[in-house]
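**Student:** Sharing start.txt (compact mmCIF, C-alpha atoms and all ligand atoms) below.
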```txt
# COMPACT_ATOMS: atom_id res chain seq x y z
CA MET A 1 115.80 98.74 103.15
CA PRO A 2 112.84 96.47 102.35
CA GLY A 3 112.61 95.39 98.73
CA VAL A 4 110.43 97.11 96.15
CA THR A 5 107.29 95.04 95.54
CA LEU A 6 105.30 97.36 93.33
CA GLU A 7 106.27 99.99 90.84
CA ALA A 8 103.80 101.88 88.66
CA ARG A 9 105.14 104.11 85.92
CA GLU A 10 102.93 106.74 84.33
CA LEU A 11 99.88 104.51 84.34
CA SER A 12 96.93 105.91 82.42
CA LYS A 13 93.51 104.63 81.48
CA TRP A 14 91.02 106.20 79.12
CA PHE A 15 87.50 104.98 78.54
CA GLY A 16 86.65 106.48 75.15
CA SER A 17 87.32 110.17 75.57
CA ARG A 18 87.10 110.03 79.37
CA THR A 19 90.35 109.92 81.29
CA ALA A 20 89.87 107.74 84.37
CA VAL A 21 93.53 107.62 85.44
CA GLU A 22 96.29 109.91 84.23
CA SER A 23 100.02 109.23 84.60
CA VAL A 24 99.96 107.64 88.04
CA SER A 25 103.42 106.63 89.28
CA PHE A 26 104.41 105.23 92.65
CA THR A 27 106.63 102.69 94.35
CA ALA A 28 105.80 100.41 97.29
CA HIS A 29 108.00 98.20 99.47
CA GLU A 30 107.63 95.00 101.48
CA GLY A 31 105.43 95.43 104.54
CA GLU A 32 104.12 98.81 103.42
CA VAL A 33 100.44 99.77 103.50
CA ILE A 34 99.66 102.31 100.78
CA GLY A 35 96.41 104.24 100.88
CA LEU A 36 94.69 105.36 97.69
CA LEU A 37 92.51 108.20 98.87
CA GLY A 38 90.06 110.19 96.81
CA PRO A 39 86.44 111.12 96.20
CA ASN A 40 83.99 109.12 94.06
CA GLY A 41 85.21 108.77 90.51
CA ALA A 42 88.80 109.73 91.39
CA GLY A 43 90.21 106.62 89.71
CA LYS A 44 90.96 104.41 92.71
CA THR A 45 89.20 101.31 91.42
CA THR A 46 90.57 101.78 87.91
CA THR A 47 94.11 102.02 89.31
CA ILE A 48 93.62 98.84 91.34
CA ARG A 49 92.09 97.04 88.37
CA MET A 50 95.08 97.90 86.20
CA LEU A 51 97.63 96.84 88.83
CA SER A 52 95.77 93.60 89.44
CA THR A 53 95.77 92.88 85.68
CA VAL A 54 91.97 93.04 85.26
CA LEU A 55 92.21 96.04 82.91
CA PRO A 56 95.09 96.71 80.53
CA PRO A 57 96.51 100.24 80.93
CA THR A 58 96.05 102.57 77.98
CA ALA A 59 99.57 103.85 78.63
CA GLY A 60 102.35 103.21 81.12
CA ASP A 61 103.54 100.00 82.73
CA PHE A 62 104.18 98.45 86.12
CA GLU A 63 105.92 95.67 87.98
CA VAL A 64 104.55 93.58 90.82
CA ALA A 65 106.90 91.40 92.88
CA GLY A 66 109.52 91.86 90.19
CA VAL A 67 107.19 90.64 87.42
CA PRO A 68 106.57 93.11 84.56
CA SER A 69 103.04 94.00 83.45
CA SER A 70 103.74 92.22 80.16
CA ARG A 71 103.31 88.92 82.11
CA PRO A 72 99.85 89.30 83.71
CA ALA A 73 99.36 85.60 84.49
CA ASP A 74 102.59 85.54 86.52
CA ILE A 75 101.49 88.68 88.34
CA ARG A 76 98.14 87.09 89.20
CA ALA A 77 99.95 84.24 90.91
CA ARG A 78 101.71 86.72 93.23
CA ILE A 79 98.80 88.96 94.22
CA GLY A 80 95.54 88.86 96.15
CA VAL A 81 92.53 91.08 95.48
CA LEU A 82 89.43 92.14 97.36
CA PRO A 83 87.36 93.72 94.57
CA GLU A 84 85.12 96.75 95.05
CA SER A 85 82.02 94.61 95.19
CA SER A 86 82.40 90.90 95.33
CA GLY A 87 79.67 88.29 95.50
CA TYR A 88 79.92 85.21 97.69
CA PRO A 89 78.27 81.84 97.29
CA GLY A 90 75.85 82.01 100.21
CA HIS A 91 75.26 78.26 100.27
CA GLN A 92 78.91 77.48 100.97
CA THR A 93 80.50 77.64 104.41
CA GLY A 94 83.51 79.86 104.96
CA LEU A 95 85.69 76.78 105.21
CA GLU A 96 84.41 75.32 101.93
CA TYR A 97 84.82 78.63 100.15
CA LEU A 98 88.44 79.15 101.22
CA THR A 99 89.34 75.50 100.64
CA TYR A 100 87.96 75.78 97.11
CA HIS A 101 90.01 78.90 96.39
CA ALA A 102 93.18 77.36 97.81
CA ARG A 103 92.59 74.37 95.52
CA LEU A 104 92.35 76.75 92.54
CA PHE A 105 95.93 77.75 93.30
CA GLY A 106 97.03 74.15 93.11
CA CYS A 107 97.01 73.05 96.77
CA SER A 108 96.27 69.42 97.56
CA ARG A 109 92.96 68.79 99.33
CA ASP A 110 94.66 68.51 102.73
CA ASP A 111 96.88 71.54 102.21
CA ALA A 112 93.93 73.58 100.97
CA LYS A 113 91.95 72.75 104.07
CA ARG A 114 94.89 73.55 106.34
CA THR A 115 95.31 76.91 104.60
CA ALA A 116 91.57 77.62 104.94
CA VAL A 117 91.58 76.81 108.67
CA ARG A 118 94.64 78.97 109.25
CA LEU A 119 93.19 81.93 107.35
CA LEU A 120 89.82 81.68 109.06
CA GLY A 121 91.73 81.94 112.34
CA GLN A 122 93.72 84.91 111.09
CA VAL A 123 90.60 86.88 110.14
CA GLY A 124 88.68 85.91 113.29
CA LEU A 125 86.13 83.61 111.66
CA THR A 126 87.05 80.28 113.26
CA GLU A 127 83.74 80.08 115.09
CA ARG A 128 81.83 80.60 111.85
CA ALA A 129 83.96 78.24 109.73
CA ASN A 130 81.15 75.74 109.31
CA THR A 131 78.19 78.05 108.89
CA ARG A 132 76.89 79.21 105.53
CA ILE A 133 78.20 82.51 104.17
CA ALA A 134 74.60 83.67 103.69
CA THR A 135 74.39 84.05 107.47
CA TYR A 136 77.53 86.21 107.73
CA SER A 137 77.35 89.92 108.50
CA ARG A 138 78.87 92.37 106.03
CA GLY A 139 81.99 92.72 108.18
CA MET A 140 82.42 88.94 108.28
CA ARG A 141 82.09 88.77 104.50
CA GLN A 142 84.73 91.44 104.08
CA ARG A 143 87.05 89.49 106.36
CA LEU A 144 86.32 86.31 104.42
CA GLY A 145 87.14 88.22 101.21
CA ILE A 146 90.45 89.32 102.72
CA ALA A 147 91.17 85.70 103.71
CA ARG A 148 90.46 84.66 100.13
CA ALA A 149 92.88 87.30 98.88
CA LEU A 150 95.58 85.63 101.02
CA VAL A 151 95.19 81.98 99.93
CA ASN A 152 98.19 82.10 97.60
CA ASP A 153 100.44 83.84 100.15
CA PRO A 154 100.67 86.90 97.89
CA ALA A 155 103.47 89.46 97.82
CA VAL A 156 100.98 92.28 97.18
CA VAL A 157 97.33 92.54 98.20
CA PHE A 158 94.85 95.04 96.77
CA LEU A 159 91.83 95.90 98.89
CA ASP A 160 89.25 98.13 97.19
CA GLU A 161 87.36 99.98 99.95
CA PRO A 162 87.57 97.12 102.45
CA THR A 163 85.72 99.05 105.15
CA LEU A 164 82.87 100.41 103.04
CA GLY A 165 79.55 100.06 104.82
CA LEU A 166 81.02 98.80 108.08
CA ASP A 167 80.34 100.27 111.51
CA PRO A 168 83.30 101.75 113.46
CA ALA A 169 84.02 98.46 115.24
CA GLY A 170 83.94 96.54 111.96
CA GLN A 171 86.21 99.11 110.34
CA LYS A 172 88.65 98.84 113.17
CA GLU A 173 88.77 95.05 112.90
CA ILE A 174 89.63 95.28 109.22
CA LEU A 175 92.31 97.91 109.76
CA THR A 176 93.92 95.93 112.56
CA LEU A 177 93.90 92.90 110.30
CA VAL A 178 95.50 94.87 107.46
CA ARG A 179 98.30 96.04 109.71
CA THR A 180 98.86 92.54 111.10
CA ILE A 181 99.10 91.02 107.64
CA ALA A 182 101.61 93.64 106.49
CA GLU A 183 103.72 93.33 109.63
CA ALA A 184 103.64 89.58 110.05
CA HIS A 185 104.21 88.58 106.45
CA GLY A 186 105.91 91.58 104.89
CA THR A 187 102.99 91.75 102.48
CA THR A 188 102.51 95.04 100.63
CA ILE A 189 98.92 96.22 100.89
CA VAL A 190 97.29 98.78 98.65
CA LEU A 191 93.94 99.87 99.98
CA SER A 192 91.51 102.40 98.63
CA THR A 193 89.25 104.50 100.76
CA HIS A 194 87.30 107.74 100.95
CA THR A 195 88.21 108.35 104.53
CA LEU A 196 91.31 110.02 105.88
CA PRO A 197 91.24 108.64 109.47
CA GLU A 198 91.46 105.20 107.97
CA VAL A 199 94.58 106.16 106.11
CA GLU A 200 96.01 107.80 109.22
CA GLN A 201 95.45 104.69 111.29
CA VAL A 202 97.02 102.14 109.04
CA CYS A 203 98.88 103.49 106.02
CA SER A 204 102.57 104.23 105.83
CA ALA A 205 102.11 106.26 102.67
CA VAL A 206 99.23 107.80 100.82
CA LEU A 207 98.43 108.74 97.26
CA ILE A 208 95.62 111.22 96.86
CA LEU A 209 93.80 110.97 93.58
CA ASP A 210 91.40 113.49 92.16
CA ARG A 211 89.91 113.20 88.69
CA GLY A 212 92.44 110.55 87.77
CA LYS A 213 95.54 112.45 88.84
CA VAL A 214 97.79 112.13 91.85
CA ILE A 215 97.36 115.50 93.54
CA SER A 216 99.44 114.63 96.58
CA ALA A 217 101.70 111.75 97.65
CA GLY A 218 104.00 110.92 100.52
CA THR A 219 103.76 109.95 104.15
CA VAL A 220 100.46 110.68 105.87
CA ALA A 221 102.09 113.51 107.84
CA ASP A 222 103.49 115.11 104.67
CA VAL A 223 100.24 114.94 102.84
CA THR A 224 97.97 116.22 105.59
CA SER A 225 100.19 119.18 106.42
CA ALA A 226 100.61 120.08 102.76
CA ASP A 227 96.86 120.06 102.39
CA ALA A 228 96.02 121.95 105.58
CA ASN A 229 96.27 125.40 103.97
CA ARG A 230 94.86 124.54 100.58
CA GLN A 231 91.75 126.52 99.77
CA SER A 232 89.67 127.23 96.77
CA GLY A 233 87.49 130.20 96.12
CA ARG A 234 85.21 132.06 93.74
CA LEU A 235 85.92 135.64 93.01
CA ARG A 236 83.22 137.74 91.37
CA VAL A 237 84.40 140.81 89.48
CA PRO A 238 82.75 143.04 86.86
CA PRO A 239 82.44 141.02 83.61
CA GLY A 240 85.00 143.05 81.68
CA GLU A 241 87.61 142.50 84.39
CA VAL A 242 87.69 138.71 84.33
CA PRO A 243 90.61 138.35 81.88
CA ARG A 244 92.75 140.81 83.83
CA ALA A 245 91.85 139.23 87.17
CA LYS A 246 92.90 135.84 85.81
CA GLU A 247 96.17 137.27 84.60
CA VAL A 248 96.94 138.92 87.94
CA LEU A 249 96.03 135.78 89.89
CA ALA A 250 98.06 133.46 87.71
CA ALA A 251 101.16 135.46 88.65
CA VAL A 252 100.67 134.92 92.41
CA PRO A 253 102.84 132.05 93.74
CA GLY A 254 100.79 129.04 94.85
CA VAL A 255 97.64 130.21 93.08
CA THR A 256 96.07 128.25 90.24
CA VAL A 257 93.20 129.60 88.17
CA THR A 258 90.72 126.87 87.25
CA PRO A 259 89.48 127.04 83.67
CA ASP A 260 85.90 128.29 83.76
CA ASP A 261 83.83 130.08 81.16
CA ARG A 262 81.64 132.21 83.38
CA ARG A 263 81.66 135.89 82.47
CA ASP A 264 81.98 137.33 85.94
CA VAL A 265 83.52 134.62 88.13
CA VAL A 266 87.10 133.44 88.55
CA VAL A 267 87.56 130.10 90.27
CA LEU A 268 90.93 129.62 91.91
CA THR A 269 92.91 127.39 94.25
CA ALA A 270 95.66 128.53 96.58
CA THR A 271 98.06 126.26 98.42
CA ASP A 272 98.83 128.81 101.11
CA GLY A 273 95.63 130.66 101.96
CA MET A 274 93.76 133.27 99.92
CA ASN A 275 95.14 136.49 101.36
CA LYS A 276 97.82 137.02 98.75
CA ALA A 277 95.40 136.29 95.93
CA LEU A 278 92.85 138.79 97.17
CA ALA A 279 95.52 141.43 97.82
CA ALA A 280 96.91 141.04 94.30
CA VAL A 281 93.50 141.62 92.73
CA LEU A 282 92.77 144.65 94.88
CA ASN A 283 96.27 146.09 94.25
CA ALA A 284 95.60 145.86 90.53
CA GLY A 285 92.59 148.11 91.04
CA ILE A 286 90.04 145.45 90.11
CA PRO A 287 86.77 145.82 92.05
CA VAL A 288 85.87 142.64 93.95
CA LEU A 289 82.08 142.17 94.00
CA SER A 290 82.18 139.06 96.13
CA PHE A 291 84.65 136.43 97.28
CA GLU A 292 83.66 133.04 98.60
CA ILE A 293 86.17 130.65 100.05
CA GLU A 294 85.48 126.98 100.11
CA GLY A 295 87.47 123.85 100.77
CA THR A 296 88.84 121.99 97.81
CA ARG A 297 87.17 118.71 97.07
CA LEU A 298 90.05 117.10 98.85
CA SER A 299 89.75 119.20 101.99
CA ASP A 300 86.03 118.54 101.92
CA ALA A 301 86.70 114.86 101.82
CA PHE A 302 89.18 115.21 104.65
CA LEU A 303 86.81 117.25 106.74
CA ALA A 304 83.92 114.93 106.15
CA LEU A 305 86.15 112.06 107.09
CA THR A 306 87.57 113.68 110.13
CA ARG A 307 84.10 114.56 111.35
CA GLY A 308 82.50 111.32 110.28
CA GLY A 309 85.31 109.05 111.43
CA ALA A 310 85.24 106.93 114.54
CA SER A 311 86.26 109.47 117.15
N1 LIG B 401 84.31 100.50 82.53
C1 LIG B 401 84.21 101.83 82.49
N2 LIG B 401 83.73 102.47 81.40
C2 LIG B 401 83.67 103.81 81.33
N3 LIG B 401 84.06 104.63 82.33
C3 LIG B 401 84.54 104.07 83.43
C4 LIG B 401 84.65 102.65 83.59
N4 LIG B 401 85.17 102.38 84.82
C5 LIG B 401 85.37 103.58 85.40
N5 LIG B 401 85.00 104.59 84.58
C6 LIG B 401 85.11 106.04 84.88
O1 LIG B 401 86.40 106.30 85.32
C7 LIG B 401 86.42 107.25 86.37
C8 LIG B 401 87.10 106.67 87.59
O2 LIG B 401 86.28 105.64 88.13
P1 LIG B 401 86.74 104.71 89.33
O3 LIG B 401 85.69 103.67 89.49
O4 LIG B 401 88.12 104.26 89.10
O5 LIG B 401 86.71 105.73 90.54
P2 LIG B 401 86.80 105.43 92.11
O6 LIG B 401 87.83 106.38 92.64
O7 LIG B 401 87.00 103.99 92.37
O8 LIG B 401 85.37 105.91 92.62
P3 LIG B 401 84.45 105.34 93.83
O9 LIG B 401 84.95 106.03 95.06
O10 LIG B 401 83.08 105.83 93.46
O11 LIG B 401 84.57 103.86 93.87
C9 LIG B 401 84.97 107.63 86.60
O12 LIG B 401 84.72 108.80 85.86
C10 LIG B 401 84.21 106.46 86.03
O13 LIG B 401 82.95 106.87 85.57
MG MG B 402 85.95 102.62 93.37
```
Would you kindly transcribe this structure into structure tokens?
**Tutor:**
Amino acid sequence: MPGVTLEARELSKWFGSRTAVESVSFTAHEGEVIGLLGPNGAGKTTTIRMLSTVLPPTAGDFEVAGVPSSRPADIRARIGVLPESSGYPGHQTGLEYLTYHARLFGCSRDDAKRTAVRLLGQVGLTERANTRIATYSRGMRQRLGIARALVNDPAVVFLDEPTLGLDPAGQKEILTLVRTIAEAHGTTIVLSTHTLPEVEQVCSAVLILDRGKVISAGTVADVTSADANRQSGRLRVPPGEVPRAKEVLAAVPGVTVTPDDRRDVVVLTATDGMNKALAAVLNAGIPVLSFEIEGTRLSDAFLALTRGGAS
């Protein structure tokens, strides 16, 4: 069994009264690619920033490569990060940039250059090694950023939306690279994304975040099948019947009533289709004025991804 390289325990982050991440726990092993999937504002970047020691957690702790979160400098020596949006010095060449970063980790000039040349090869930028970064395409910059994240031969690499803004070919290059790095070096990779196909192509496990919470976790197969039947809906009943409708619905297995103050609408989520929920309300003699079914935000994200992905 490959060793544990990352363990997060009940990590939480509040910004003032806003909860960005709430009690996120997970474990990752050598060579594993973990996907953090979720809509805008779900807490992906905040989670990555805590694990990469940029932001201190409000609560909870973690270990990276056996180093506890109480020793952030030691963790930084063992990780690589591609931040959500990173700037590059356009006047430098790719080779200069990577050599400089390898030097920051204490390599001699010769070793730093050797590392830079090797990494440029690994990310497919050998031909552009001596041209200025300003002339690189977005995909090339992302690959250069990944190369930079690897200069210290890290145990764990965090990539925050590495494929954002890339065309399907560019996305595929990055994903292939991610898999190669994990397989060839046993590196653990945590990558965040909005898009499910990306997770399906490259991740061994996935953590789905929504409003700061893990709403689903496991292998990609587990998570997609668990989500396939999840639906949410809005049930309109006569205003006086709302409390009773909520009570009846809350007793149906798999149904969750979402807090909502509207007088005549009950918002609910069901993990196994809506039929039982609707039947329960009708059986209780509550008139149903209208019933709209919609995907959850998660299913929406999945659908959008599945449709929008490189097919
Ligand atoms: N420095 C900050 N100060 C206040 N609120 C913040 C800060 N950083 C993040 N947040 C809030 O925390 C929540 C989670 O944000 P986060 O950036 O982690 O989401 P995300 O999943 O990375 O979203 P996206 O897909 O848009 O990148 C959001 O509500 C965001 O507004
Ligand atoms: Mg983000």
**Student:** Dump as a tab-separated table the rows for residues of chain A within 12 Å of ligand LIG 401 (chain B): closest atom pair and distance in Å with one decimal, only C-alpha atoms and all ligand atoms counted, ordered by chain and rising residue number.
**Tutor:**
```
residue	atom	partner	partner_atom	distance
A:Ser12	CA	B:LIG401	O1	10.9
A:Lys13	CA	B:LIG401	O1	8.3
A:Trp14	CA	B:LIG401	O1	7.7
A:Phe15	CA	B:LIG401	C2	4.9
A:Gly16	CA	B:LIG401	C2	7.4
A:Ser17	CA	B:LIG401	C2	9.3
A:Arg18	CA	B:LIG401	N3	6.9
A:Thr19	CA	B:LIG401	O1	6.7
A:Ala20	CA	B:LIG401	O1	3.9
A:Val21	CA	B:LIG401	C8	6.8
A:Glu22	CA	B:LIG401	C8	10.3
A:Leu36	CA	B:LIG401	O6	8.6
A:Leu37	CA	B:LIG401	O6	8.0
A:Gly38	CA	B:LIG401	O6	6.1
A:Pro39	CA	B:LIG401	O9	5.4
A:Asn40	CA	B:LIG401	O9	3.4
A:Gly41	CA	B:LIG401	O5	3.4
A:Ala42	CA	B:LIG401	O6	3.7
A:Gly43	CA	B:LIG401	O4	3.2
A:Lys44	CA	B:LIG401	O6	3.7
A:Thr45	CA	B:LIG401	O7	3.6
A:Thr46	CA	B:LIG401	O4	3.7
A:Thr47	CA	B:LIG401	O4	6.4
A:Ile48	CA	B:LIG401	O4	8.0
A:Arg49	CA	B:LIG401	O4	8.3
A:Met50	CA	B:LIG401	O4	9.9
A:Val54	CA	B:LIG401	N1	11.0
A:Leu55	CA	B:LIG401	N1	9.1
A:Pro56	CA	B:LIG401	N1	11.6
A:Pro83	CA	B:LIG401	O7	10.5
A:Glu84	CA	B:LIG401	O11	7.2
A:Ser85	CA	B:LIG401	O11	9.7
A:Leu159	CA	B:LIG401	O7	11.5
A:Asp160	CA	B:LIG401	O7	7.9
A:Glu161	CA	B:LIG401	O11	7.7
A:Pro162	CA	B:LIG401	O11	11.3
A:Leu164	CA	B:LIG401	O11	9.9
A:Leu191	CA	B:LIG401	O7	11.1
A:Ser192	CA	B:LIG401	O7	7.9
A:Thr193	CA	B:LIG401	O9	7.3
A:His194	CA	B:LIG401	O9	6.6
A:Thr195	CA	B:LIG401	O9	10.3
A:Leu207	CA	B:LIG401	O6	11.8
A:Ile208	CA	B:LIG401	O6	10.1
A:Leu209	CA	B:LIG401	O6	7.6
A:Asp210	CA	B:LIG401	O6	8.0
A:Arg211	CA	B:LIG401	C8	7.2
A:Gly212	CA	B:LIG401	C8	6.6
A:Lys213	CA	B:LIG401	C8	10.3
A:Val214	CA	B:LIG401	O6	11.5
A:Ala301	CA	B:LIG401	O9	11.3
```
**Student:** Of the residues A:Val255, A:Ile34, A:Leu177, A:Leu82, which is the one nearest to ligand MG 402 (chain B), using all atoms listed in the file?
**Tutor:**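 Comparing A:Val255, A:Ile34, A:Leu177, A:Leu82 against ligand MG 402 (chain B), the winner is A:Leu82.
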**Student:** Which neighbours of Ala28 (chain A) fall inside 7 Å, counting all atoms listed in the file, when residues of the same chain fewer than 5 positions from it are skipped, and could you give them as a ChimeraX atom specification?
**Tutor:** /A:4-7
**Student:** What is the CA of Gly3 (chain A)-CA of Gly106 (chain A) distance in Å, reported with one decimal?
**Tutor:**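 So the two atoms, CA of Gly3 (chain A) and CA of Gly106 (chain A), lie 26.9 Å apart.
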**Student:** Please provide the set of residues having any atom within 12 Å of Thr93 (chain A), restricted to all atoms listed in the file, with same-chain residues fewer than 5 positions apart removed, written as a PyMOL selection string.
**Tutor:** chain A and resi 88+98-100+116-117+120+125-136+141+144
**Student:** Go ahead and write the residues just picked, C-alpha atoms, as a PDB file, in the coordinates of the input.
**Tutor:**
```pdb
ATOM      1  CA  TYR A  88      79.920  85.210  97.690  1.00  0.00           C
ATOM      2  CA  LEU A  98      88.440  79.150 101.220  1.00  0.00           C
ATOM      3  CA  THR A  99      89.340  75.500 100.640  1.00  0.00           C
ATOM      4  CA  TYR A 100      87.960  75.780  97.110  1.00  0.00           C
ATOM      5  CA  ALA A 116      91.570  77.620 104.940  1.00  0.00           C
ATOM      6  CA  VAL A 117      91.580  76.810 108.670  1.00  0.00           C
ATOM      7  CA  LEU A 120      89.820  81.680 109.060  1.00  0.00           C
ATOM      8  CA  LEU A 125      86.130  83.610 111.660  1.00  0.00           C
ATOM      9  CA  THR A 126      87.050  80.280 113.260  1.00  0.00           C
ATOM     10  CA  GLU A 127      83.740  80.080 115.090  1.00  0.00           C
ATOM     11  CA  ARG A 128      81.830  80.600 111.850  1.00  0.00           C
ATOM     12  CA  ALA A 129      83.960  78.240 109.730  1.00  0.00           C
ATOM     13  CA  ASN A 130      81.150  75.740 109.310  1.00  0.00           C
ATOM     14  CA  THR A 131      78.190  78.050 108.890  1.00  0.00           C
ATOM     15  CA  ARG A 132      76.890  79.210 105.530  1.00  0.00           C
ATOM     16  CA  ILE A 133      78.200  82.510 104.170  1.00  0.00           C
ATOM     17  CA  ALA A 134      74.600  83.670 103.690  1.00  0.00           C
ATOM     18  CA  THR A 135      74.390  84.050 107.470  1.00  0.00           C
ATOM     19  CA  TYR A 136      77.530  86.210 107.730  1.00  0.00           C
ATOM     20  CA  ARG A 141      82.090  88.770 104.500  1.00  0.00           C
ATOM     21  CA  LEU A 144      86.320  86.310 104.420  1.00  0.00           C
TER      22      LEU A 144
END
```
**Student:** Choose the residue, out of A:Ala280, A:Val266, A:Leu150, A:Ala102, that has the smallest atom-to-atom separation from Val123 (chain A); count all atoms listed in the file.
**Tutor:**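 For Val123 (chain A), the nearest of the given residues is A:Leu150.
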**Student:** Kindly give the distance, in Å, that separates CA of Glu183 (chain A) and CA of Asn152 (chain A), rounded to a single decimal.
**Tutor:**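 Distance reported for this atom pair: 17.4 Å.
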**Student:** Please report the interatomic distance between CA of Arg71 (chain A) and CA of Ser52 (chain A) in Å with one decimal.
**Tutor:**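 Separating CA of Arg71 (chain A) from CA of Ser52 (chain A) is a distance of 11.5 Å.
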